[in-house]
file work37.txt (compact mmCIF, N, CA, C and O atoms)
# COMPACT_ATOMS: atom_id res chain seq x y z
N MET A 263 117.24 89.53 94.44
CA MET A 263 115.98 89.51 93.72
C MET A 263 114.94 90.28 94.53
O MET A 263 114.70 89.97 95.67
N GLY A 264 114.35 91.29 93.96
CA GLY A 264 113.37 92.10 94.66
C GLY A 264 111.95 91.61 94.43
O GLY A 264 111.68 90.84 93.52
N LEU A 265 111.05 92.07 95.27
CA LEU A 265 109.64 91.73 95.11
C LEU A 265 109.02 92.66 94.09
O LEU A 265 109.27 93.86 94.08
N ARG A 266 108.21 92.10 93.23
CA ARG A 266 107.48 92.92 92.27
C ARG A 266 106.13 93.25 92.89
O ARG A 266 105.34 92.35 93.19
N LEU A 267 105.89 94.50 93.10
CA LEU A 267 104.64 94.93 93.73
C LEU A 267 103.59 95.21 92.67
O LEU A 267 103.91 95.58 91.54
N PRO A 268 102.33 95.01 93.02
CA PRO A 268 101.27 95.26 92.05
C PRO A 268 101.17 96.73 91.71
O PRO A 268 101.66 97.59 92.44
N GLY A 269 100.55 97.01 90.58
CA GLY A 269 100.34 98.40 90.19
C GLY A 269 99.50 99.12 91.22
O GLY A 269 98.73 98.52 91.95
N LYS A 270 99.66 100.42 91.28
CA LYS A 270 98.98 101.21 92.29
C LYS A 270 97.46 101.09 92.17
O LYS A 270 96.76 101.02 93.16
N SER A 271 96.94 101.03 90.95
CA SER A 271 95.49 100.94 90.80
C SER A 271 94.96 99.60 91.32
O SER A 271 93.90 99.55 91.92
N LEU A 272 95.71 98.51 91.09
CA LEU A 272 95.29 97.21 91.61
C LEU A 272 95.30 97.21 93.13
O LEU A 272 94.35 96.74 93.76
N ALA A 273 96.34 97.76 93.71
CA ALA A 273 96.43 97.82 95.17
C ALA A 273 95.28 98.63 95.74
O ALA A 273 94.72 98.28 96.77
N LYS A 274 94.91 99.72 95.07
CA LYS A 274 93.80 100.54 95.55
C LYS A 274 92.47 99.78 95.49
O LYS A 274 91.60 99.97 96.33
N GLN A 275 92.31 98.93 94.49
CA GLN A 275 91.08 98.14 94.39
C GLN A 275 91.01 97.09 95.49
O GLN A 275 89.94 96.79 96.00
N ILE A 276 92.16 96.55 95.86
CA ILE A 276 92.21 95.47 96.84
C ILE A 276 92.14 96.02 98.26
O ILE A 276 91.41 95.51 99.11
N LEU A 277 92.92 97.04 98.53
CA LEU A 277 92.98 97.63 99.86
C LEU A 277 92.42 99.04 99.82
O LEU A 277 92.67 99.78 98.90
N ARG A 278 91.70 99.37 100.85
CA ARG A 278 91.20 100.72 100.95
C ARG A 278 91.81 101.32 102.21
O ARG A 278 91.38 100.99 103.32
N ARG A 279 92.83 102.13 102.06
CA ARG A 279 93.48 102.73 103.21
C ARG A 279 92.63 103.87 103.71
O ARG A 279 92.16 104.70 102.94
N SER A 280 92.43 103.93 105.00
CA SER A 280 91.62 104.97 105.59
C SER A 280 92.30 106.32 105.48
O SER A 280 93.50 106.42 105.67
N PRO A 281 91.56 107.36 105.18
CA PRO A 281 92.16 108.67 105.04
C PRO A 281 92.59 109.29 106.36
O PRO A 281 93.36 110.22 106.37
N SER A 282 92.10 108.79 107.46
CA SER A 282 92.41 109.39 108.74
C SER A 282 92.63 108.33 109.79
O SER A 282 91.90 107.36 109.87
N ALA A 283 93.64 108.52 110.63
CA ALA A 283 93.89 107.58 111.71
C ALA A 283 92.81 107.69 112.78
O ALA A 283 92.71 106.84 113.65
N ALA A 284 92.00 108.74 112.73
CA ALA A 284 90.96 108.95 113.73
C ALA A 284 89.72 108.11 113.46
O ALA A 284 88.78 108.12 114.24
N MET A 285 89.69 107.36 112.37
CA MET A 285 88.53 106.56 112.04
C MET A 285 88.39 105.42 113.05
O MET A 285 89.35 104.98 113.64
N THR A 286 87.18 104.93 113.24
CA THR A 286 86.91 103.92 114.25
C THR A 286 86.27 102.70 113.61
O THR A 286 86.09 102.63 112.40
N VAL A 287 85.90 101.75 114.45
CA VAL A 287 85.25 100.52 113.99
C VAL A 287 83.98 100.84 113.20
O VAL A 287 83.68 100.19 112.21
N ALA A 288 83.27 101.87 113.59
CA ALA A 288 82.03 102.23 112.91
C ALA A 288 82.28 102.64 111.45
O ALA A 288 81.37 102.61 110.64
N ASP A 289 83.50 102.99 111.12
CA ASP A 289 83.84 103.42 109.76
C ASP A 289 84.18 102.25 108.84
O ASP A 289 84.46 102.46 107.67
N VAL A 290 84.17 101.03 109.36
CA VAL A 290 84.51 99.85 108.56
C VAL A 290 83.23 99.29 107.95
O VAL A 290 82.30 98.96 108.67
N PRO A 291 83.18 99.18 106.62
CA PRO A 291 81.96 98.66 105.98
C PRO A 291 81.69 97.21 106.36
O PRO A 291 82.62 96.46 106.68
N LYS A 292 80.46 96.82 106.26
CA LYS A 292 80.07 95.45 106.52
C LYS A 292 80.86 94.51 105.60
O LYS A 292 81.02 94.79 104.41
N GLY A 293 81.37 93.41 106.16
CA GLY A 293 82.12 92.46 105.38
C GLY A 293 83.60 92.78 105.27
O GLY A 293 84.33 92.14 104.51
N HIS A 294 84.07 93.75 106.02
CA HIS A 294 85.46 94.17 106.01
C HIS A 294 85.98 94.26 107.45
O HIS A 294 85.20 94.23 108.39
N PHE A 295 87.29 94.39 107.60
CA PHE A 295 87.87 94.64 108.91
C PHE A 295 89.11 95.51 108.75
O PHE A 295 89.71 95.58 107.69
N ALA A 296 89.48 96.19 109.84
CA ALA A 296 90.62 97.10 109.81
C ALA A 296 91.87 96.39 110.31
O ALA A 296 91.81 95.59 111.23
N VAL A 297 93.00 96.69 109.66
CA VAL A 297 94.29 96.20 110.11
C VAL A 297 95.26 97.38 110.14
O VAL A 297 95.14 98.31 109.34
N TYR A 298 96.20 97.33 111.06
CA TYR A 298 97.24 98.34 111.19
C TYR A 298 98.56 97.68 110.84
O TYR A 298 98.92 96.66 111.43
N VAL A 299 99.28 98.25 109.87
CA VAL A 299 100.43 97.58 109.28
C VAL A 299 101.65 98.49 109.30
O VAL A 299 101.54 99.69 109.03
N GLY A 300 102.81 97.89 109.57
CA GLY A 300 104.08 98.60 109.45
C GLY A 300 104.44 99.43 110.66
O GLY A 300 103.68 99.53 111.63
N GLU A 301 105.63 100.02 110.58
CA GLU A 301 106.14 100.83 111.68
C GLU A 301 105.26 102.03 111.98
O GLU A 301 105.14 102.44 113.13
N ASN A 302 104.65 102.60 110.96
CA ASN A 302 103.80 103.78 111.15
C ASN A 302 102.34 103.43 111.42
O ASN A 302 101.50 104.32 111.48
N GLN A 303 102.06 102.12 111.55
CA GLN A 303 100.70 101.66 111.84
C GLN A 303 99.67 102.22 110.87
O GLN A 303 98.64 102.75 111.26
N LYS A 304 99.96 102.10 109.56
CA LYS A 304 99.00 102.56 108.55
C LYS A 304 97.78 101.65 108.60
O LYS A 304 97.89 100.45 108.71
N ARG A 305 96.64 102.26 108.49
CA ARG A 305 95.37 101.54 108.61
C ARG A 305 94.85 101.17 107.23
O ARG A 305 94.76 102.01 106.34
N PHE A 306 94.50 99.89 107.08
CA PHE A 306 93.88 99.39 105.87
C PHE A 306 92.57 98.72 106.23
O PHE A 306 92.42 98.15 107.31
N VAL A 307 91.63 98.78 105.33
CA VAL A 307 90.36 98.07 105.49
C VAL A 307 90.32 97.01 104.40
O VAL A 307 90.41 97.32 103.22
N VAL A 308 90.22 95.74 104.81
CA VAL A 308 90.28 94.62 103.87
C VAL A 308 89.02 93.77 103.97
O VAL A 308 88.36 93.74 105.01
N HIS A 309 88.70 93.09 102.91
CA HIS A 309 87.52 92.24 102.86
C HIS A 309 87.76 90.95 103.65
O HIS A 309 88.87 90.42 103.67
N ILE A 310 86.72 90.45 104.29
CA ILE A 310 86.86 89.26 105.14
C ILE A 310 87.20 87.99 104.37
O ILE A 310 87.63 87.00 104.95
N SER A 311 87.06 88.01 103.06
CA SER A 311 87.34 86.81 102.27
C SER A 311 88.78 86.34 102.41
O SER A 311 89.07 85.15 102.24
N ILE A 312 89.70 87.24 102.74
CA ILE A 312 91.10 86.84 102.88
C ILE A 312 91.36 86.03 104.15
O ILE A 312 92.41 85.39 104.27
N LEU A 313 90.42 86.00 105.07
CA LEU A 313 90.61 85.27 106.32
C LEU A 313 90.77 83.77 106.11
O LEU A 313 91.37 83.08 106.94
N ASN A 314 90.25 83.23 105.02
CA ASN A 314 90.33 81.79 104.75
C ASN A 314 91.65 81.35 104.14
O ASN A 314 91.93 80.17 104.08
N HIS A 315 92.46 82.26 103.68
CA HIS A 315 93.73 81.92 103.03
C HIS A 315 94.78 81.53 104.06
O HIS A 315 95.01 82.26 105.03
N PRO A 316 95.44 80.38 103.87
CA PRO A 316 96.47 79.94 104.82
C PRO A 316 97.59 80.95 105.03
O PRO A 316 98.07 81.11 106.15
N SER A 317 97.99 81.68 104.00
CA SER A 317 99.06 82.68 104.15
C SER A 317 98.63 83.79 105.10
O SER A 317 99.41 84.25 105.93
N PHE A 318 97.38 84.22 104.99
CA PHE A 318 96.90 85.27 105.89
C PHE A 318 96.70 84.72 107.29
O PHE A 318 96.96 85.41 108.28
N GLN A 319 96.28 83.47 107.41
CA GLN A 319 96.13 82.85 108.73
C GLN A 319 97.47 82.75 109.44
O GLN A 319 97.55 82.97 110.65
N ASP A 320 98.54 82.47 108.70
CA ASP A 320 99.89 82.46 109.28
C ASP A 320 100.25 83.85 109.80
O ASP A 320 100.82 83.99 110.88
N LEU A 321 99.92 84.86 109.02
CA LEU A 321 100.18 86.23 109.43
C LEU A 321 99.39 86.60 110.68
O LEU A 321 99.91 87.25 111.60
N LEU A 322 98.15 86.13 110.77
CA LEU A 322 97.34 86.37 111.96
C LEU A 322 97.93 85.69 113.19
O LEU A 322 97.89 86.24 114.29
N SER A 323 98.48 84.50 113.01
CA SER A 323 99.12 83.80 114.13
C SER A 323 100.32 84.59 114.64
O SER A 323 100.51 84.73 115.85
N ARG A 324 101.11 85.13 113.72
CA ARG A 324 102.24 85.98 114.11
C ARG A 324 101.76 87.23 114.83
O ARG A 324 102.36 87.67 115.81
N ALA A 325 100.66 87.81 114.33
CA ALA A 325 100.11 89.01 114.96
C ALA A 325 99.65 88.72 116.38
O ALA A 325 99.89 89.51 117.30
N GLU A 326 99.00 87.58 116.57
CA GLU A 326 98.52 87.22 117.91
C GLU A 326 99.68 87.03 118.87
O GLU A 326 99.66 87.51 120.01
N GLU A 327 100.74 86.35 118.40
CA GLU A 327 101.90 86.12 119.26
C GLU A 327 102.59 87.43 119.64
O GLU A 327 103.00 87.61 120.78
N GLU A 328 102.70 88.34 118.69
CA GLU A 328 103.45 89.57 118.93
C GLU A 328 102.63 90.65 119.62
O GLU A 328 103.13 91.35 120.50
N PHE A 329 101.36 90.81 119.24
CA PHE A 329 100.57 91.93 119.72
C PHE A 329 99.30 91.55 120.47
O PHE A 329 98.71 92.39 121.13
N GLY A 330 98.80 90.35 120.31
CA GLY A 330 97.47 90.02 120.81
C GLY A 330 96.44 90.56 119.82
O GLY A 330 96.79 91.15 118.80
N PHE A 331 95.19 90.36 120.10
CA PHE A 331 94.16 90.80 119.16
C PHE A 331 93.39 92.04 119.62
O PHE A 331 92.44 92.45 119.00
N ALA A 332 93.80 92.65 120.70
CA ALA A 332 93.14 93.86 121.17
C ALA A 332 93.88 95.08 120.63
O ALA A 332 95.07 95.22 120.82
N HIS A 333 93.18 95.94 119.94
CA HIS A 333 93.77 97.17 119.42
C HIS A 333 92.90 98.33 119.87
O HIS A 333 91.67 98.25 119.79
N ARG A 334 93.52 99.39 120.33
CA ARG A 334 92.76 100.50 120.88
C ARG A 334 91.81 101.15 119.87
O ARG A 334 90.84 101.77 120.24
N LYS A 335 92.07 100.98 118.58
CA LYS A 335 91.20 101.56 117.56
C LYS A 335 90.27 100.52 116.93
O LYS A 335 89.58 100.81 115.98
N GLY A 336 90.28 99.31 117.44
CA GLY A 336 89.35 98.30 116.95
C GLY A 336 89.83 97.46 115.80
O GLY A 336 89.05 96.72 115.21
N GLY A 337 91.08 97.51 115.44
CA GLY A 337 91.61 96.72 114.34
C GLY A 337 92.68 95.76 114.80
O GLY A 337 92.97 95.67 115.98
N LEU A 338 93.27 95.04 113.88
CA LEU A 338 94.36 94.13 114.16
C LEU A 338 95.68 94.78 113.79
O LEU A 338 95.77 95.47 112.78
N THR A 339 96.71 94.52 114.59
CA THR A 339 98.05 94.99 114.25
C THR A 339 98.78 93.85 113.56
O THR A 339 98.89 92.76 114.11
N ILE A 340 99.24 94.09 112.34
CA ILE A 340 99.91 93.07 111.54
C ILE A 340 101.42 93.33 111.56
O ILE A 340 101.86 94.41 111.19
N PRO A 341 102.23 92.33 111.96
CA PRO A 341 103.67 92.52 112.09
C PRO A 341 104.44 92.31 110.80
O PRO A 341 105.13 91.31 110.62
N CYS A 342 104.30 93.23 109.86
CA CYS A 342 105.09 93.17 108.63
C CYS A 342 105.15 94.56 108.02
O CYS A 342 104.45 95.47 108.45
N HIS A 343 106.02 94.72 107.03
CA HIS A 343 106.13 96.00 106.34
C HIS A 343 104.91 96.22 105.47
O HIS A 343 104.30 95.27 104.97
N GLU A 344 104.57 97.47 105.25
CA GLU A 344 103.40 97.83 104.44
C GLU A 344 103.48 97.24 103.03
O GLU A 344 102.50 96.67 102.54
N ASP A 345 104.64 97.33 102.38
CA ASP A 345 104.79 96.80 101.03
C ASP A 345 104.58 95.29 100.99
O ASP A 345 103.96 94.76 100.06
N THR A 346 105.08 94.59 101.99
CA THR A 346 104.91 93.14 102.08
C THR A 346 103.43 92.78 102.23
O THR A 346 102.93 91.86 101.60
N PHE A 347 102.73 93.55 103.07
CA PHE A 347 101.31 93.31 103.29
C PHE A 347 100.51 93.53 102.00
O PHE A 347 99.68 92.70 101.63
N ILE A 348 100.79 94.61 101.31
CA ILE A 348 100.09 94.90 100.05
C ILE A 348 100.35 93.79 99.04
O ILE A 348 99.44 93.32 98.36
N HIS A 349 101.60 93.35 98.96
CA HIS A 349 101.96 92.26 98.03
C HIS A 349 101.19 90.98 98.39
O HIS A 349 100.63 90.32 97.50
N LEU A 350 101.17 90.63 99.67
CA LEU A 350 100.45 89.42 100.11
C LEU A 350 98.97 89.49 99.77
O LEU A 350 98.41 88.57 99.19
N ILE A 351 98.33 90.59 100.11
CA ILE A 351 96.89 90.75 99.87
C ILE A 351 96.61 90.73 98.38
O ILE A 351 95.63 90.14 97.92
N SER A 352 97.46 91.37 97.60
CA SER A 352 97.28 91.36 96.13
C SER A 352 97.33 89.94 95.58
O SER A 352 96.52 89.57 94.73
N ASN A 353 98.30 89.16 96.06
CA ASN A 353 98.41 87.78 95.60
C ASN A 353 97.24 86.93 96.03
O ASN A 353 96.76 86.08 95.28
N LEU A 354 96.74 87.14 97.23
CA LEU A 354 95.61 86.35 97.73
C LEU A 354 94.35 86.65 96.93
O LEU A 354 93.55 85.75 96.66
N ASN A 355 94.15 87.90 96.58
CA ASN A 355 92.95 88.28 95.84
C ASN A 355 93.02 87.94 94.36
O ASN A 355 92.01 87.89 93.69
N SER A 356 94.22 87.71 93.84
CA SER A 356 94.34 87.36 92.42
C SER A 356 94.31 85.85 92.20
O SER A 356 94.26 85.40 91.06
N SER A 357 94.36 85.08 93.28
CA SER A 357 94.36 83.62 93.12
C SER A 357 92.96 83.06 93.14
O SER A 357 92.01 83.67 93.41

call {"tool": "encode", "arguments": {"input": "work37.txt", "output": "structure tokens"}}
result
Amino acid sequence: MGLRLPGKSLAKQILRRSPSAAMTVADVPKGHFAVYVGENQKRFVVHISILNHPSFQDLLSRAEEEFGFAHRKGGLTIPCHEDTFIHLISNLNSS
């Protein structure tokens, strides 16, 4: 059984992927934070409202154990595949 991923337009509304890896903390809008996801460390900017969700808090605990919270570009490194992260964030924002 495979995961059903949200439509591309919904994912774009929920996550705003940075166009350049050279972007810094100053490029993150107020009320958002940067995360780096997957093997290629793709950068996403997400709204802080997801921080209260238990599923995301579990993911943050895994991130802290695996990477710590210091990232050279000012974001968090999330230990999961990009598709899994998009699916999780989509579900959190639709609930």

call {"tool": "residues_around", "arguments": {"input": "work37.txt", "residues": "Glu327 in chain A", "least_positions_apart": "6", "cutoff": "8 Å", "atoms": "all atoms listed in the file", "output": "list in words"}}
result
Asp320, Leu321 and Thr339 of chain A

call {"tool": "write_last_selection", "arguments": {"input": "work37.txt", "atoms": "N, CA, C and O atoms", "output": "mmCIF file, in the coordinates of the input"}}
result
data_model
loop_
_atom_site.group_PDB
_atom_site.id
_atom_site.type_symbol
_atom_site.label_atom_id
_atom_site.label_comp_id
_atom_site.auth_asym_id
_atom_site.auth_seq_id
_atom_site.Cartn_x
_atom_site.Cartn_y
_atom_site.Cartn_z
ATOM 1 N N ASP A 320 98.540 82.470 108.700
ATOM 2 C CA ASP A 320 99.890 82.460 109.280
ATOM 3 C C ASP A 320 100.250 83.850 109.800
ATOM 4 O O ASP A 320 100.820 83.990 110.880
ATOM 5 N N LEU A 321 99.920 84.860 109.020
ATOM 6 C CA LEU A 321 100.180 86.230 109.430
ATOM 7 C C LEU A 321 99.390 86.600 110.680
ATOM 8 O O LEU A 321 99.910 87.250 111.600
ATOM 9 N N THR A 339 96.710 94.520 114.590
ATOM 10 C CA THR A 339 98.050 94.990 114.250
ATOM 11 C C THR A 339 98.780 93.850 113.560
ATOM 12 O O THR A 339 98.890 92.760 114.110
#

call {"tool": "atom_distance", "arguments": {"input": "work37.txt", "atom1": "atom C of Val299 in chain A", "atom2": "CA of His315 in chain A"}}
result
19.4 Å

call {"tool": "closest_residue", "arguments": {"input": "work37.txt", "among": "A:Ile348, A:Leu354, A:Cys342, A:Ala325", "to": "Gly300 in chain A", "atoms": "only C-alpha atoms"}}
result
A:Cys342

call {"tool": "atom_distance", "arguments": {"input": "work37.txt", "atom1": "atom N of Phe329 in chain A", "atom2": "atom O of Pro316 in chain A"}}
result
16.6 Å

call {"tool": "atom_distance", "arguments": {"input": "work37.txt", "atom1": "atom C of Phe306 in chain A", "atom2": "atom C of Ile351 in chain A"}}
result
11.9 Å

call {"tool": "residues_around", "arguments": {"input": "work37.txt", "residues": "Asn302 in chain A", "least_positions_apart": "4", "cutoff": "12 Å", "atoms": "only C-alpha atoms", "output": "MDAnalysis selection string"}}
result
chainID A and resid 283 298 339:344

call {"tool": "write_last_selection", "arguments": {"input": "work37.txt", "atoms": "N, CA, C and O atoms", "output": "tab-separated table (two decimals), keeping the file's coordinate frame"}}
result
chain	number	residue	atom	x	y	z
A	283	ALA	N	93.64	108.52	110.63
A	283	ALA	CA	93.89	107.58	111.71
A	283	ALA	C	92.81	107.69	112.78
A	283	ALA	O	92.71	106.84	113.65
A	298	TYR	N	96.20	97.33	111.06
A	298	TYR	CA	97.24	98.34	111.19
A	298	TYR	C	98.56	97.68	110.84
A	298	TYR	O	98.92	96.66	111.43
A	339	THR	N	96.71	94.52	114.59
A	339	THR	CA	98.05	94.99	114.25
A	339	THR	C	98.78	93.85	113.56
A	339	THR	O	98.89	92.76	114.11
A	340	ILE	N	99.24	94.09	112.34
A	340	ILE	CA	99.91	93.07	111.54
A	340	ILE	C	101.42	93.33	111.56
A	340	ILE	O	101.86	94.41	111.19
A	341	PRO	N	102.23	92.33	111.96
A	341	PRO	CA	103.67	92.52	112.09
A	341	PRO	C	104.44	92.31	110.80
A	341	PRO	O	105.13	91.31	110.62
A	342	CYS	N	104.30	93.23	109.86
A	342	CYS	CA	105.09	93.17	108.63
A	342	CYS	C	105.15	94.56	108.02
A	342	CYS	O	104.45	95.47	108.45
A	343	HIS	N	106.02	94.72	107.03
A	343	HIS	CA	106.13	96.00	106.34
A	343	HIS	C	104.91	96.22	105.47
A	343	HIS	O	104.30	95.27	104.97
A	344	GLU	N	104.57	97.47	105.25
A	344	GLU	CA	103.40	97.83	104.44
A	344	GLU	C	103.48	97.24	103.03
A	344	GLU	O	102.50	96.67	102.54

call {"tool": "closest_residue", "arguments": {"input": "work37.txt", "among": "A:Val290, A:Gln303, A:Leu350, A:Ala296", "to": "Phe318 in chain A", "atoms": "all atoms listed in the file"}}
result
A:Leu350

call {"tool": "residues_around", "arguments": {"input": "work37.txt", "residues": "Phe295 in chain A", "least_positions_apart": "2", "cutoff": "8 Å", "atoms": "only N, CA, C and O atoms", "output": "number ranges by chain"}}
result
A: 278, 287, 290-293, 297-298, 305-311, 336-338

call {"tool": "closest_residue", "arguments": {"input": "work37.txt", "among": "A:Asn314, A:Leu322, A:Glu328, A:Asp289", "to": "Phe347 in chain A", "atoms": "only C-alpha atoms"}}
result
A:Leu322
